[in-house]
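Notes for the one structure printed next.
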Amino acid sequence: MAQAETYDINALRVYPAPVLDACSERMVCQECGKKVKFFCYYCYRPVAPLEGKIPQIRLPFKLDVVKHEGEKDGKSTALHAKVMAPEDVTVIAYSPDCLDNVDVERTALLFPGPDATNIADMDPASYDKVIVIDGTWKQAKGMLHNNKKLRHMRKVTVNPRRTKFWRYQNFDDSYMATIEAIYFLYRDSVPAGYNGEYDALMYFFKYFYDFIQSEYVARPEKSFHGKHQKGYIAYDTVAPSTSLRQPKPGVVADANYDFDGALDLDLTFQAAIDN
């Protein structure tokens, strides 16, 4: 396997902070009535004040996100793709027969491994759709093992990158967040002349990444998970937050996800708070 490269997240042509900073409260989804932050994790639409302000893009091929039932809606980064490219992304709840109507000959599966072809080497005329599994690595392998159609799909992969994801996982840093993998799937499908066409897929991811960076720089006494890549918090280059978010009374933060409770990112990621 090729060594994972570091990518420059600050080179993305997305500028979410001016828009999302102005939407500080949870709001009711106009479609389902649940209270959510920024967008509805169930209807995949921005909250009312953000409608018309969130980038909307078209993708060169369709994407199906097959979502494991154990993957919490509020924590899924794959759903960002549906919000940004609603006409080209479909979210499917996994079941034994959820892919019965999929044409295996015209569909590829984003899944790394020795039998996977780099998307940059695929003939664009040979496929119409790519499927990505949304779940933990263990869940994804289980779905692949149990679903005949998934097992028989051509596998594609992307050039490995060092993840910028803030939730530490017990794997090396080449295991990207799902939205990172989706973004590079489309970016690597344009091996020459890429000009930021799909950067909007990383809109929310970039915002959360910047938020965490600035909050930790403003609180240098706070410790981040020691197993993250060296220099994950860019203390020397990031401007500290000017509006620190205070911890909720009584919240005891997990060592892995300290910022989720203390910095209110739980409002964005944890679907349980919406119930």
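Just remember, in the structure tokens the first chain shown is A, the second B, etc., residues are 1-based per chain, and ligands are 1-based in the order shown.
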Enumerate the residues of stretch 3-45 of chain A with a DSSP assignment of strand (DSSP E), computed from the backbone, and present them as a CSV table (one decimal) with N, CA and C atoms, in the first residue's frame.
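Wrote it out as result28.csv, contents follow:
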chain,number,residue,atom,x,y,z
A,27,MET,N,-32.3,24.5,15.3
A,27,MET,CA,-33.6,24.9,14.7
A,27,MET,C,-34.5,23.7,14.3
A,28,VAL,N,-35.7,24.0,14.2
A,28,VAL,CA,-36.7,22.9,13.8
A,28,VAL,C,-36.6,22.7,12.3
A,35,LYS,N,-35.4,19.1,16.0
A,35,LYS,CA,-34.4,20.2,16.2
A,35,LYS,C,-33.0,19.7,15.8
A,36,VAL,N,-32.4,20.5,14.9
A,36,VAL,CA,-31.1,20.1,14.4
A,36,VAL,C,-30.2,21.3,14.3
Set the distance at 9 Å and use only C-alpha atoms: which residues neighbour stretch 155-161 of chain A once local chain neighbours fewer than 2 positions away are removed? I'd like the list as a PyMOL selection string. chain A and resi 1-7+108-113+115-120+122+130+152-153+163+173-176+181+184-185+188-189
Can you build me a table of stretch 175-220 of chain A residues sitting at most 12 Å from stretch 64-74 of chain A, with the closest atom pair per residue and its distance in Å to one decimal, using only C-alpha atoms, sorted by chain and residue number, as JSON lines?
{"residue": "A:Thr178", "atom": "CA", "partner": "A:Val65", "partner_atom": "CA", "distance": 9.8}
{"residue": "A:Ile179", "atom": "CA", "partner": "A:Val65", "partner_atom": "CA", "distance": 10.5}
{"residue": "A:Ala181", "atom": "CA", "partner": "A:Val65", "partner_atom": "CA", "distance": 11.9}
{"residue": "A:Ile182", "atom": "CA", "partner": "A:Val65", "partner_atom": "CA", "distance": 9.7}
As a check of understanding: the span from atom CA of A:Ile131 to atom CA of A:Lys75 is 19.3 Å
d(atom CA of A:Arg151, atom CA of A:Leu59) in Å: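 A separation of 25.2 Å between them.
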Could you check how far atom CA of A:Lys82 sits from atom CA of A:Tyr127, in Å to one decimal?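 Those two atoms sit 20.0 Å apart.
Taking only C-alpha atoms, the non-local environment of A:Asp128 within 7 Å (same-chain residues fewer than 2 positions away omitted) comprises A:Phe61, A:Lys62, A:Arg106, A:Thr107.
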Output the selection as a PDB file, in the first residue's frame - C-alpha atoms for each residue.
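Generated file (out07.pdb):
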ATOM      1  CA  PHE A  61     -21.432  10.093 -11.411  1.00  0.00           C
ATOM      2  CA  LYS A  62     -24.053   9.011  -8.897  1.00  0.00           C
ATOM      3  CA  ARG A 106     -22.400  -0.530 -13.945  1.00  0.00           C
ATOM      4  CA  THR A 107     -21.672   0.019 -10.243  1.00  0.00           C
TER       5      THR A 107
END
With only C-alpha atoms as the atoms that count, which of A:Ala17, A:Pro124, A:Phe204, A:Asp8 lies nearest to A:Met84?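 Using only C-alpha atoms, A:Met84 sits closest to A:Phe204.
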I want to know what sits within 6 Å of A:Ser214, based on only C-alpha atoms, with residues of the same chain fewer than 4 positions away left out; could you give that as a list in words?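 That gives Ala239, Pro240 and Ser241 of chain A.
Among the candidate residues A:Tyr44, A:Tyr207, A:Tyr198, A:Tyr183, the one lying nearest to A:Cys32 is A:Tyr44, with distances computed using only C-alpha atoms.
Proximity ranking of A:Ala218, A:Ala200, A:Ile233, A:Ala177 relative to A:Arg13 places A:Ala200 first, based on only C-alpha atoms.
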Restricting the calculation to only C-alpha atoms: of A:Lys206, A:Lys164, A:Ala22, A:Ile212, which residue gets closest to A:His228? A:Lys164
Could you give me, as a CSV table (one decimal) with C-alpha atoms, in the first residue's frame, the residues within 8 Å of A:Leu12, counting only C-alpha atoms and dropping anything in the same chain fewer than 5 positions from it?
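File written: result.csv
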chain,number,residue,atom,x,y,z
A,196,GLY,CA,-12.0,22.8,-6.9
A,199,ASP,CA,-14.5,21.1,-2.7
A,202,MET,CA,-16.0,19.2,2.5
